[in-house]
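Student: Structure file start01.pdb (PDB, C-alpha atoms and all ligand atoms) right here:
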ATOM      1  CA  MET U 402     213.142-104.309 -57.441  1.00  0.00           C
ATOM      2  CA  HIS U 403     210.811-103.837 -54.462  1.00  0.00           C
ATOM      3  CA  TYR U 404     207.882-106.270 -54.457  1.00  0.00           C
ATOM      4  CA  SER U 405     204.892-104.967 -52.577  1.00  0.00           C
ATOM      5  CA  LEU U 406     201.336-106.079 -51.942  1.00  0.00           C
ATOM      6  CA  SER U 407     198.455-103.763 -51.144  1.00  0.00           C
ATOM      7  CA  TRP U 408     196.504-105.817 -48.609  1.00  0.00           C
ATOM      8  CA  SER U 409     192.847-105.160 -47.810  1.00  0.00           C
ATOM      9  CA  GLY U 410     192.474-108.222 -45.597  1.00  0.00           C
ATOM     10  CA  GLY U 411     189.906-109.587 -48.034  1.00  0.00           C
ATOM     11  CA  LYS U 412     190.176-113.124 -49.399  1.00  0.00           C
ATOM     12  CA  ASP U 413     191.969-112.240 -52.654  1.00  0.00           C
ATOM     13  CA  SER U 414     194.810-110.140 -51.274  1.00  0.00           C
ATOM     14  CA  THR U 415     195.198-112.489 -48.287  1.00  0.00           C
ATOM     15  CA  ALA U 416     195.357-115.528 -50.592  1.00  0.00           C
ATOM     16  CA  SER U 417     198.020-113.690 -52.645  1.00  0.00           C
ATOM     17  CA  ILE U 418     200.219-113.404 -49.530  1.00  0.00           C
ATOM     18  CA  ILE U 419     199.701-117.098 -48.786  1.00  0.00           C
ATOM     19  CA  LEU U 420     200.742-117.940 -52.369  1.00  0.00           C
ATOM     20  CA  ALA U 421     203.870-115.787 -52.070  1.00  0.00           C
ATOM     21  CA  HIS U 422     204.704-117.673 -48.862  1.00  0.00           C
ATOM     22  CA  GLU U 423     204.022-121.131 -50.320  1.00  0.00           C
ATOM     23  CA  HIS U 424     205.938-120.517 -53.539  1.00  0.00           C
ATOM     24  CA  GLN U 425     208.772-118.390 -52.107  1.00  0.00           C
ATOM     25  CA  GLU U 426     207.840-115.458 -54.333  1.00  0.00           C
ATOM     26  CA  PRO U 427     209.709-112.237 -53.505  1.00  0.00           C
ATOM     27  CA  LEU U 428     207.623-109.981 -51.233  1.00  0.00           C
ATOM     28  CA  ASP U 429     209.308-107.007 -49.552  1.00  0.00           C
ATOM     29  CA  SER U 430     206.336-105.178 -48.081  1.00  0.00           C
ATOM     30  CA  ILE U 431     202.694-105.797 -47.290  1.00  0.00           C
ATOM     31  CA  ILE U 432     200.744-102.540 -47.032  1.00  0.00           C
ATOM     32  CA  PHE U 433     197.414-102.200 -45.251  1.00  0.00           C
ATOM     33  CA  VAL U 434     195.904 -98.713 -45.225  1.00  0.00           C
ATOM     34  CA  GLU U 435     193.520 -98.192 -42.321  1.00  0.00           C
ATOM     35  CA  VAL U 436     190.955 -95.501 -43.081  1.00  0.00           C
ATOM     36  CA  MET U 437     190.005 -93.760 -39.830  1.00  0.00           C
ATOM     37  CA  TYR U 438     186.535 -92.475 -38.971  1.00  0.00           C
ATOM     38  CA  ASP U 439     187.761 -90.367 -36.054  1.00  0.00           C
ATOM     39  CA  LEU U 440     191.527 -90.203 -35.614  1.00  0.00           C
ATOM     40  CA  LYS U 441     191.439 -88.194 -32.374  1.00  0.00           C
ATOM     41  CA  ASN U 442     189.329 -90.799 -30.604  1.00  0.00           C
ATOM     42  CA  GLY U 443     190.956 -93.787 -32.329  1.00  0.00           C
ATOM     43  CA  ILE U 444     187.757 -94.912 -34.110  1.00  0.00           C
ATOM     44  CA  SER U 445     188.594 -96.908 -37.198  1.00  0.00           C
ATOM     45  CA  GLY U 446     186.608 -96.655 -40.412  1.00  0.00           C
ATOM     46  CA  GLU U 447     187.269-100.356 -40.914  1.00  0.00           C
ATOM     47  CA  ASN U 448     184.773-102.878 -39.671  1.00  0.00           C
ATOM     48  CA  PRO U 449     185.752-103.479 -35.986  1.00  0.00           C
ATOM     49  CA  ASN U 450     185.880-107.284 -36.402  1.00  0.00           C
ATOM     50  CA  HIS U 451     187.986-106.926 -39.525  1.00  0.00           C
ATOM     51  CA  ILE U 452     190.585-104.541 -38.076  1.00  0.00           C
ATOM     52  CA  LYS U 453     190.905-106.796 -35.004  1.00  0.00           C
ATOM     53  CA  PHE U 454     191.561-109.722 -37.363  1.00  0.00           C
ATOM     54  CA  ILE U 455     194.150-107.655 -39.260  1.00  0.00           C
ATOM     55  CA  ARG U 456     195.995-106.464 -36.170  1.00  0.00           C
ATOM     56  CA  GLU U 457     195.773-109.462 -33.883  1.00  0.00           C
ATOM     57  CA  LYS U 458     195.751-112.452 -36.186  1.00  0.00           C
ATOM     58  CA  ALA U 459     196.888-111.930 -39.764  1.00  0.00           C
ATOM     59  CA  LYS U 460     199.628-109.323 -39.289  1.00  0.00           C
ATOM     60  CA  PRO U 461     201.492-111.275 -36.553  1.00  0.00           C
ATOM     61  CA  LEU U 462     201.304-114.447 -38.650  1.00  0.00           C
ATOM     62  CA  PHE U 463     202.697-112.723 -41.749  1.00  0.00           C
ATOM     63  CA  GLU U 464     205.464-111.186 -39.646  1.00  0.00           C
ATOM     64  CA  SER U 465     206.289-114.653 -38.292  1.00  0.00           C
ATOM     65  CA  TRP U 466     206.712-115.687 -41.951  1.00  0.00           C
ATOM     66  CA  GLY U 467     209.374-112.965 -42.222  1.00  0.00           C
ATOM     67  CA  TYR U 468     207.351-110.283 -44.012  1.00  0.00           C
ATOM     68  CA  ARG U 469     207.407-106.558 -43.347  1.00  0.00           C
ATOM     69  CA  VAL U 470     203.783-105.514 -42.708  1.00  0.00           C
ATOM     70  CA  GLU U 471     202.918-101.809 -42.536  1.00  0.00           C
ATOM     71  CA  ILE U 472     199.576-100.493 -41.309  1.00  0.00           C
ATOM     72  CA  LEU U 473     199.370 -96.951 -42.653  1.00  0.00           C
ATOM     73  CA  ARG U 474     196.935 -94.150 -41.850  1.00  0.00           C
ATOM     74  CA  ALA U 475     196.344 -90.781 -43.485  1.00  0.00           C
ATOM     75  CA  THR U 476     196.771 -87.678 -41.344  1.00  0.00           C
ATOM     76  CA  ARG U 477     193.063 -86.931 -41.844  1.00  0.00           C
ATOM     77  CA  ASP U 478     189.921 -88.910 -41.107  1.00  0.00           C
ATOM     78  CA  PHE U 479     186.355 -89.313 -42.338  1.00  0.00           C
ATOM     79  CA  LEU U 480     185.086 -86.500 -40.099  1.00  0.00           C
ATOM     80  CA  ASP U 481     187.644 -84.117 -41.660  1.00  0.00           C
ATOM     81  CA  PHE U 482     186.583 -85.323 -45.096  1.00  0.00           C
ATOM     82  CA  PHE U 483     182.894 -84.698 -44.275  1.00  0.00           C
ATOM     83  CA  SER U 484     183.517 -81.203 -42.890  1.00  0.00           C
ATOM     84  CA  ARG U 485     185.974 -79.861 -45.410  1.00  0.00           C
ATOM     85  CA  VAL U 486     184.679 -76.700 -47.051  1.00  0.00           C
ATOM     86  CA  ILE U 487     184.340 -76.648 -50.849  1.00  0.00           C
ATOM     87  CA  GLU U 488     186.395 -73.741 -52.128  1.00  0.00           C
ATOM     88  CA  LYS U 489     185.677 -73.843 -55.856  1.00  0.00           C
ATOM     89  CA  PRO U 490     182.291 -74.001 -57.602  1.00  0.00           C
ATOM     90  CA  ARG U 491     181.699 -77.416 -59.228  1.00  0.00           C
ATOM     91  CA  LYS U 492     180.348 -78.245 -62.650  1.00  0.00           C
ATOM     92  CA  HIS U 493     176.558 -77.753 -62.821  1.00  0.00           C
ATOM     93  CA  MET U 494     176.291 -76.849 -59.123  1.00  0.00           C
ATOM     94  CA  ASP U 495     177.622 -74.139 -56.948  1.00  0.00           C
ATOM     95  CA  HIS U 496     178.458 -75.729 -53.619  1.00  0.00           C
ATOM     96  CA  LYS U 497     181.165 -73.219 -52.856  1.00  0.00           C
ATOM     97  CA  GLY U 498     181.321 -72.525 -49.126  1.00  0.00           C
ATOM     98  CA  LYS U 499     179.408 -75.682 -48.158  1.00  0.00           C
ATOM     99  CA  LYS U 500     180.824 -78.673 -46.301  1.00  0.00           C
ATOM    100  CA  PHE U 501     181.559 -81.617 -48.607  1.00  0.00           C
ATOM    101  CA  GLY U 502     179.537 -84.244 -46.713  1.00  0.00           C
ATOM    102  CA  PHE U 503     179.183 -87.955 -47.437  1.00  0.00           C
ATOM    103  CA  PRO U 504     181.346 -89.703 -50.061  1.00  0.00           C
ATOM    104  CA  THR U 505     179.767 -89.967 -53.499  1.00  0.00           C
ATOM    105  CA  TYR U 506     179.153 -93.101 -55.544  1.00  0.00           C
ATOM    106  CA  GLY U 507     181.726 -93.957 -58.189  1.00  0.00           C
ATOM    107  CA  ARG U 508     184.063 -91.070 -57.329  1.00  0.00           C
ATOM    108  CA  CYS U 509     184.946 -91.731 -53.738  1.00  0.00           C
ATOM    109  CA  GLY U 510     187.189 -88.978 -52.399  1.00  0.00           C
ATOM    110  CA  VAL U 511     187.785 -91.042 -49.246  1.00  0.00           C
ATOM    111  CA  LYS U 512     189.581 -93.592 -51.388  1.00  0.00           C
ATOM    112  CA  ARG U 513     191.745 -90.918 -53.006  1.00  0.00           C
ATOM    113  CA  ASP U 514     192.545 -88.928 -49.842  1.00  0.00           C
ATOM    114  CA  LEU U 515     192.511 -91.466 -47.026  1.00  0.00           C
ATOM    115  CA  LYS U 516     193.470 -94.716 -48.752  1.00  0.00           C
ATOM    116  CA  LEU U 517     195.596 -94.118 -51.839  1.00  0.00           C
ATOM    117  CA  LYS U 518     197.522 -91.108 -50.549  1.00  0.00           C
ATOM    118  CA  PRO U 519     199.204 -92.872 -47.585  1.00  0.00           C
ATOM    119  CA  MET U 520     200.160 -95.714 -49.936  1.00  0.00           C
ATOM    120  CA  ASP U 521     201.628 -93.344 -52.521  1.00  0.00           C
ATOM    121  CA  ASP U 522     203.530 -91.534 -49.758  1.00  0.00           C
ATOM    122  CA  PHE U 523     204.939 -94.869 -48.590  1.00  0.00           C
ATOM    123  CA  TYR U 524     206.043 -95.836 -52.095  1.00  0.00           C
ATOM    124  CA  LYS U 525     207.815 -92.485 -52.468  1.00  0.00           C
ATOM    125  CA  THR U 526     210.114 -93.581 -49.619  1.00  0.00           C
ATOM    126  CA  ILE U 527     211.202 -96.697 -51.559  1.00  0.00           C
ATOM    127  CA  ASP U 528     214.272 -95.948 -53.619  1.00  0.00           C
ATOM    128  CA  ASP U 529     213.753 -98.767 -56.073  1.00  0.00           C
ATOM    129  CA  GLU U 530     211.503 -99.892 -58.877  1.00  0.00           C
ATOM    130  CA  ILE U 531     208.240-101.176 -57.398  1.00  0.00           C
ATOM    131  CA  ILE U 532     206.363-104.249 -58.573  1.00  0.00           C
ATOM    132  CA  GLN U 533     202.886-104.457 -57.073  1.00  0.00           C
ATOM    133  CA  TYR U 534     201.004-107.714 -56.533  1.00  0.00           C
ATOM    134  CA  VAL U 535     197.279-107.269 -56.928  1.00  0.00           C
ATOM    135  CA  GLY U 536     194.559-109.658 -55.771  1.00  0.00           C
ATOM    136  CA  ILE U 537     192.811-110.450 -59.051  1.00  0.00           C
ATOM    137  CA  CYS U 538     191.722-114.050 -59.466  1.00  0.00           C
ATOM    138  CA  ALA U 539     192.230-116.297 -62.478  1.00  0.00           C
ATOM    139  CA  ASP U 540     188.489-116.231 -63.234  1.00  0.00           C
ATOM    140  CA  GLU U 541     188.183-112.425 -63.201  1.00  0.00           C
ATOM    141  CA  ARG U 542     188.867-112.076 -66.929  1.00  0.00           C
ATOM    142  CA  ARG U 543     187.804-108.467 -67.387  1.00  0.00           C
ATOM    143  CA  ARG U 544     189.907-107.224 -64.478  1.00  0.00           C
ATOM    144  CA  LEU U 545     192.858-109.300 -65.709  1.00  0.00           C
ATOM    145  CA  ASP U 546     192.531-107.833 -69.214  1.00  0.00           C
ATOM    146  CA  SER U 547     192.922-104.335 -67.814  1.00  0.00           C
ATOM    147  CA  LEU U 548     195.718-105.501 -65.470  1.00  0.00           C
ATOM    148  CA  HIS U 549     197.691-106.825 -68.459  1.00  0.00           C
ATOM    149  CA  LYS U 550     197.755-103.317 -69.914  1.00  0.00           C
ATOM    150  CA  GLN U 551     199.567-101.981 -66.834  1.00  0.00           C
ATOM    151  CA  ASN U 552     203.266-102.129 -66.169  1.00  0.00           C
ATOM    152  CA  ASN U 553     204.662-103.203 -62.813  1.00  0.00           C
ATOM    153  CA  ARG U 554     201.460-104.861 -61.580  1.00  0.00           C
ATOM    154  CA  ILE U 555     201.013-108.622 -61.520  1.00  0.00           C
ATOM    155  CA  SER U 556     198.617-111.158 -60.048  1.00  0.00           C
ATOM    156  CA  LEU U 557     199.934-114.217 -58.236  1.00  0.00           C
ATOM    157  CA  LEU U 558     196.395-115.592 -58.230  1.00  0.00           C
ATOM    158  CA  GLU U 559     196.489-115.608 -62.021  1.00  0.00           C
ATOM    159  CA  LYS U 560     200.007-117.080 -62.086  1.00  0.00           C
ATOM    160  CA  TYR U 561     198.942-120.023 -59.899  1.00  0.00           C
ATOM    161  CA  ASN U 562     195.484-120.320 -61.529  1.00  0.00           C
ATOM    162  CA  ILE U 563     193.538-119.558 -58.357  1.00  0.00           C
ATOM    163  CA  THR U 564     189.826-118.773 -58.845  1.00  0.00           C
ATOM    164  CA  GLU U 565     187.737-116.685 -56.431  1.00  0.00           C
ATOM    165  CA  LYS U 566     186.354-119.853 -54.829  1.00  0.00           C
ATOM    166  CA  MET U 567     189.861-121.283 -54.445  1.00  0.00           C
ATOM    167  CA  ALA U 568     191.128-118.009 -52.924  1.00  0.00           C
ATOM    168  CA  LYS U 569     188.461-118.260 -50.228  1.00  0.00           C
ATOM    169  CA  GLU U 570     189.339-121.912 -49.604  1.00  0.00           C
ATOM    170  CA  LYS U 571     193.031-121.024 -49.361  1.00  0.00           C
ATOM    171  CA  CYS U 572     192.253-118.449 -46.651  1.00  0.00           C
ATOM    172  CA  GLU U 573     190.084-120.981 -44.795  1.00  0.00           C
ATOM    173  CA  GLU U 574     192.896-123.541 -44.958  1.00  0.00           C
ATOM    174  CA  TYR U 575     195.168-121.099 -43.083  1.00  0.00           C
ATOM    175  CA  GLU U 576     192.330-119.810 -40.843  1.00  0.00           C
ATOM    176  CA  LEU U 577     192.823-116.409 -42.443  1.00  0.00           C
ATOM    177  CA  LEU U 578     189.332-115.647 -43.690  1.00  0.00           C
ATOM    178  CA  SER U 579     188.258-112.311 -42.221  1.00  0.00           C
ATOM    179  CA  PRO U 580     185.255-112.604 -39.848  1.00  0.00           C
ATOM    180  CA  VAL U 581     183.367-110.034 -41.973  1.00  0.00           C
ATOM    181  CA  TYR U 582     182.629-112.776 -44.488  1.00  0.00           C
ATOM    182  CA  SER U 583     180.271-114.368 -41.966  1.00  0.00           C
ATOM    183  CA  TYR U 584     177.784-111.512 -42.482  1.00  0.00           C
ATOM    184  CA  SER U 585     178.875-109.528 -45.529  1.00  0.00           C
ATOM    185  CA  LYS U 586     180.290-110.100 -48.996  1.00  0.00           C
ATOM    186  CA  ARG U 587     182.119-106.782 -49.004  1.00  0.00           C
ATOM    187  CA  GLY U 588     184.936-105.251 -46.968  1.00  0.00           C
ATOM    188  CA  GLY U 589     185.858-101.590 -46.751  1.00  0.00           C
ATOM    189  CA  CYS U 590     184.703 -98.609 -44.741  1.00  0.00           C
ATOM    190  CA  TRP U 591     181.607 -99.093 -42.598  1.00  0.00           C
ATOM    191  CA  PHE U 592     180.485 -95.555 -43.496  1.00  0.00           C
ATOM    192  CA  CYS U 593     180.583 -96.345 -47.246  1.00  0.00           C
ATOM    193  CA  PRO U 594     177.336 -95.748 -49.170  1.00  0.00           C
ATOM    194  CA  ASN U 595     177.751 -99.345 -50.380  1.00  0.00           C
ATOM    195  CA  ALA U 596     177.696-100.749 -46.817  1.00  0.00           C
ATOM    196  CA  LYS U 597     174.917-103.219 -46.114  1.00  0.00           C
ATOM    197  CA  LEU U 598     172.435-103.431 -43.245  1.00  0.00           C
ATOM    198  CA  ALA U 599     174.436-106.223 -41.566  1.00  0.00           C
ATOM    199  CA  GLU U 600     177.465-103.903 -41.391  1.00  0.00           C
ATOM    200  CA  HIS U 601     175.397-101.050 -39.916  1.00  0.00           C
ATOM    201  CA  ARG U 602     173.973-103.502 -37.386  1.00  0.00           C
ATOM    202  CA  GLU U 603     177.515-104.367 -36.244  1.00  0.00           C
ATOM    203  CA  ILE U 604     178.531-100.716 -35.833  1.00  0.00           C
ATOM    204  CA  LYS U 605     175.360 -99.883 -33.889  1.00  0.00           C
ATOM    205  CA  ARG U 606     175.952-102.906 -31.650  1.00  0.00           C
ATOM    206  CA  ILE U 607     179.697-102.375 -31.067  1.00  0.00           C
ATOM    207  CA  PHE U 608     179.893 -98.542 -31.123  1.00  0.00           C
ATOM    208  CA  PRO U 609     176.401 -97.223 -30.221  1.00  0.00           C
ATOM    209  CA  ASP U 610     177.695 -93.680 -29.522  1.00  0.00           C
ATOM    210  CA  VAL U 611     179.626 -93.526 -32.798  1.00  0.00           C
ATOM    211  CA  TRP U 612     176.544 -94.774 -34.658  1.00  0.00           C
ATOM    212  CA  GLU U 613     174.405 -92.012 -33.074  1.00  0.00           C
ATOM    213  CA  GLN U 614     176.976 -89.411 -34.091  1.00  0.00           C
ATOM    214  CA  PHE U 615     177.122 -90.850 -37.616  1.00  0.00           C
ATOM    215  CA  ILE U 616     173.368 -90.775 -38.232  1.00  0.00           C
ATOM    216  CA  GLY U 617     173.320 -87.202 -36.840  1.00  0.00           C
ATOM    217  CA  LEU U 618     175.566 -86.109 -39.727  1.00  0.00           C
ATOM    218  CA  GLU U 619     172.499 -86.088 -41.988  1.00  0.00           C
ATOM    219  CA  ASN U 620     171.235 -83.115 -39.929  1.00  0.00           C
ATOM    220  CA  VAL U 621     174.372 -80.998 -40.208  1.00  0.00           C
ATOM    221  CA  PRO U 622     173.436 -77.733 -42.010  1.00  0.00           C
ATOM    222  CA  ASN U 623     175.130 -76.341 -45.112  1.00  0.00           C
ATOM    223  CA  VAL U 624     176.382 -79.675 -46.476  1.00  0.00           C
ATOM    224  CA  ALA U 625     176.670 -80.367 -50.221  1.00  0.00           C
ATOM    225  CA  ASN U 626     176.277 -84.172 -50.120  1.00  0.00           C
ATOM    226  CA  ASN U 627     173.896 -84.276 -47.191  1.00  0.00           C
ATOM    227  CA  LYS U 628     172.383 -87.719 -47.854  1.00  0.00           C
ATOM    228  CA  PHE U 629     174.274 -90.822 -46.824  1.00  0.00           C
ATOM    229  CA  ASN U 630     172.894 -92.709 -49.801  1.00  0.00           C
ATOM    230  CA  VAL U 631     171.329 -90.655 -52.586  1.00  0.00           C
ATOM    231  CA  PHE U 632     169.884 -93.778 -54.243  1.00  0.00           C
ATOM    232  CA  GLY U 633     168.770 -95.647 -51.140  1.00  0.00           C
ATOM    233  CA  LYS U 634     167.676 -95.231 -47.561  1.00  0.00           C
ATOM    234  CA  SER U 635     168.628 -92.388 -45.262  1.00  0.00           C
ATOM    235  CA  LEU U 636     170.542 -93.180 -42.102  1.00  0.00           C
ATOM    236  CA  TYR U 637     167.406 -92.466 -40.084  1.00  0.00           C
ATOM    237  CA  GLU U 638     165.462 -95.042 -42.090  1.00  0.00           C
ATOM    238  CA  ILE U 639     168.273 -97.574 -41.621  1.00  0.00           C
ATOM    239  CA  ASN U 640     168.337 -96.839 -37.906  1.00  0.00           C
ATOM    240  CA  ARG U 641     164.558 -97.263 -37.626  1.00  0.00           C
ATOM    241  CA  GLU U 642     164.879-100.651 -39.323  1.00  0.00           C
ATOM    242  CA  LEU U 643     167.558-101.703 -36.844  1.00  0.00           C
ATOM    243  CA  GLU U 644     165.474-100.454 -33.913  1.00  0.00           C
ATOM    244  CA  SER U 645     162.440-102.420 -35.019  1.00  0.00           C
ATOM    245  CA  GLU U 646     164.626-105.542 -35.305  1.00  0.00           C
ATOM    246  CA  GLU U 647     165.775-104.958 -31.717  1.00  0.00           C
ATOM    247  CA  VAL U 648     162.149-104.613 -30.510  1.00  0.00           C
ATOM    248  CA  LYS U 649     161.228-107.887 -32.236  1.00  0.00           C
ATOM    249  CA  LEU U 650     164.218-109.631 -30.647  1.00  0.00           C
ATOM    250  CA  CYS U 651     163.205-108.400 -27.181  1.00  0.00           C
ATOM    251  CA  ARG U 652     159.662-109.710 -27.699  1.00  0.00           C
ATOM    252  CA  ASN U 653     160.860-113.210 -28.678  1.00  0.00           C
TER     253      ASN U 653
HETATM  254  S1  LIG T   1     184.932 -98.562 -48.993  1.00  0.00           S
HETATM  255 FE1  LIG T   1     183.542 -97.001 -49.837  1.00  0.00          FE
HETATM  256  S2  LIG T   1     183.939 -95.144 -48.624  1.00  0.00           S
HETATM  257 FE2  LIG T   1     185.666 -96.529 -48.291  1.00  0.00          FE
HETATM  258  S3  LIG T   1     187.181 -95.929 -49.785  1.00  0.00           S
HETATM  259 FE3  LIG T   1     186.010 -97.580 -50.711  1.00  0.00          FE
HETATM  260  S4  LIG T   1     184.364 -96.605 -51.885  1.00  0.00           S
HETATM  261 FE4  LIG T   1     185.232 -95.061 -50.463  1.00  0.00          FE
END
Give the structure from this file in structure tokens form.
Tutor:
Amino acid sequence: MHYSLSWSGGKDSTASIILAHEHQEPLDSIIFVEVMYDLKNGISGENPNHIKFIREKAKPLFESWGYRVEILRATRDFLDFFSRVIEKPRKHMDHKGKKFGFPTYGRCGVKRDLKLKPMDDFYKTIDDEIIQYVGICADERRRLDSLHKQNNRISLLEKYNITEKMAKEKCEEYELLSPVYSYSKRGGCWFCPNAKLAEHREIKRIFPDVWEQFIGLENVPNVANNKFNVFGKSLYEINRELESEEVKLCRN
């Protein structure tokens, strides 16, 4: 048996590692998949504060506990994903020949191509049966119900009766709560259509050139999914909001 944990750095998967450590549960590999925005220039698709926390704080601590921690990356990045040309016509729309563009709600190809694929490739190298720990808390009944229907996947949070609130407290106890929680409830790619204004603000502040390039993607011609958020604001509207905040700050 190879026991593995897919680690996002969020409170639930981090608390699962802490539980494995506290209770001497078997844990052979901890896998973090870093989605890249721009591989060539080393720009991560992870929130910059979060990936710093992963690399510089949490990973070294877990390694000091004796765990193997792998940070995996796909061979492609978000910019490749955006620019890939659609070769087959799709149901109800003929986008053949256009660039794919921004990820779509509910069916995120970034997740499939840039997150799950490197993990699957890693698991193919393990010549053993794999048991995966997943970060589902004891009070997430619906998610647990569907987990119970799957083989080879278990939740240590359920086993030790840890609720979402307790998982957060466990991370705080070990000073392992990602800094993203100070301004956002979600983790994940900063270019995600689910990302919130606070996350955009951080990217604009930390990587102003990358932010400019990103908002410029809405002007690229011949793109199938050419709106960052089909149900919400465009990147230009988000940027204008951030600029007016900056003006107000300067005045105060
Ligand atoms: S965070 Fe968003 S963009 Fe990234 S993989 Fe998940 S759904 Fe896709």
Student: I'd like to see the residues matched by the PyMOL selection byres (((chain U and resi 577) around 12) and not hetatm) on this file, and ideally I'd get them as a VMD selection string.
Tutor: chain U and resid 410 to 419 451 454 to 455 457 to 463 568 to 576 578 to 582
Student: Work out how far apart CA of Glu464 in chain U and CA of Glu423 in chain U are and give it in Å to one decimal.
Tutor: 14.7 Å
Student: Evaluate the PyMOL selection byres (((not hetatm)) within 6 of (chain T and resi 1)) and record the selected residues as a list in words, following the chain and residue labels used in the document.
Tutor: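 Matching residues under the PyMOL selection byres (((not hetatm)) within 6 of (chain T and resi 1)) are Cys509, Val511, Lys512, Gly589, Cys590 and Cys593 of chain U.
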Student: Could you write out that same residue set with C-alpha atoms as a short mmCIF file (atom, residue, chain, number, x, y, z; two decimals), in the coordinates of the input?
Tutor:
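selection_26.cif, written as the output of this step:
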data_model
loop_
_atom_site.label_atom_id
_atom_site.label_comp_id
_atom_site.auth_asym_id
_atom_site.auth_seq_id
_atom_site.Cartn_x
_atom_site.Cartn_y
_atom_site.Cartn_z
CA CYS U 509 184.95 -91.73 -53.74
CA VAL U 511 187.78 -91.04 -49.25
CA LYS U 512 189.58 -93.59 -51.39
CA GLY U 589 185.86 -101.59 -46.75
CA CYS U 590 184.70 -98.61 -44.74
CA CYS U 593 180.58 -96.34 -47.25
#
Student: The PyMOL selection byres (((chain U and resi 528-541) around 7) and not hetatm) on the file shown: which residues, as a PyMOL selection string?
Tutor: chain U and resi 402-407+413-414+417+526-527+542-545+553-559+562-565
Student: Give me the residues within 8 Å of Glu600 in chain U as a list in words, counting all atoms listed in the file and dropping any in the same chain fewer than 6 places off.
Tutor: Asn448, Tyr584, Ser585 and Trp591 of chain U
Student: With C-alpha atoms retained, could you export that selection as a CSV table (one decimal), in the coordinates of the input?
Tutor:
chain,number,residue,atom,x,y,z
U,448,ASN,CA,184.8,-102.9,-39.7
U,584,TYR,CA,177.8,-111.5,-42.5
U,585,SER,CA,178.9,-109.5,-45.5
U,591,TRP,CA,181.6,-99.1,-42.6
Student: Can you work out which one of U:Gly588, U:Gly443, U:Pro609, U:Pro519 has the shortest atom-to-atom distance to Leu643 in chain U, counting only C-alpha atoms?
Tutor: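 Closest to Leu643 in chain U of all the choices is U:Pro609.
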Student: Applying 12 Å and all atoms listed in the file, which residues near Arg491 in chain U remain after dropping the ones on its own chain fewer than 5 positions away? List them as a ChimeraX atom specification.
Tutor: /U:496-499,501,625
Student: What gap, in Å, lies between CA of Leu420 in chain U and CA of Trp408 in chain U?
Tutor: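 Atom-to-atom, CA of Leu420 in chain U and CA of Trp408 in chain U are spaced 13.4 Å apart.
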Student: When distances are computed from all atoms listed in the file, which of U:Asn552, U:Ser583, U:Asn450, U:Asn595 shows the smallest separation from Gly507 in chain U?
Tutor: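 Answer, going by the shortest atom-to-atom distance: U:Asn595.
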Student: In Å, with one decimal, what is the gap from CA of Ala599 in chain U to CA of Ile444 in chain U?
Tutor: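 Computed distance, CA of Ala599 in chain U to CA of Ile444 in chain U, equals 19.0 Å.
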Student: Find the nearest atom pair between each residue of range 459-555 of chain U and range 612-619 of chain U for residues within 10 Å, count all atoms listed in the file, give distances in Å to one decimal, sort rows by chain and ascending number, and present the table as JSON lines.
Tutor:
{"residue": "U:Leu480", "atom": "CA", "partner": "U:Phe615", "partner_atom": "CA", "distance": 9.4}
{"residue": "U:Phe483", "atom": "CA", "partner": "U:Leu618", "partner_atom": "CA", "distance": 8.7}
{"residue": "U:Ser484", "atom": "CA", "partner": "U:Leu618", "partner_atom": "CA", "distance": 9.9}
{"residue": "U:Gly502", "atom": "CA", "partner": "U:Leu618", "partner_atom": "CA", "distance": 8.2}
{"residue": "U:Phe503", "atom": "CA", "partner": "U:Leu618", "partner_atom": "CA", "distance": 8.7}
Student: If you count all atoms listed in the file, which residues fall within 8 Å of range 514-517 of chain U, apart from same-chain ones fewer than 3 positions away, as a count of residues only?
Tutor: 12
Student: For Ser645 in chain U, which residue among U:Lys597, U:Arg508, U:Arg602, U:Arg587 is the nearest when counting all atoms listed in the file?
Tutor: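 Of U:Lys597, U:Arg508, U:Arg602, U:Arg587, the one nearest Ser645 in chain U is U:Arg602, counting all atoms listed in the file.
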Student: Calculate, to one decimal in Å, the centre and edge lengths of the box along x, y and z of the file that holds all listed atoms of range 455-473 of chain U with 8 Å of margin on each side, and present them as JSON.
Tutor:
{"center_x": 201.8, "center_y": -106.3, "center_z": -38.9, "size_x": 31.2, "size_y": 34.7, "size_z": 26.1}
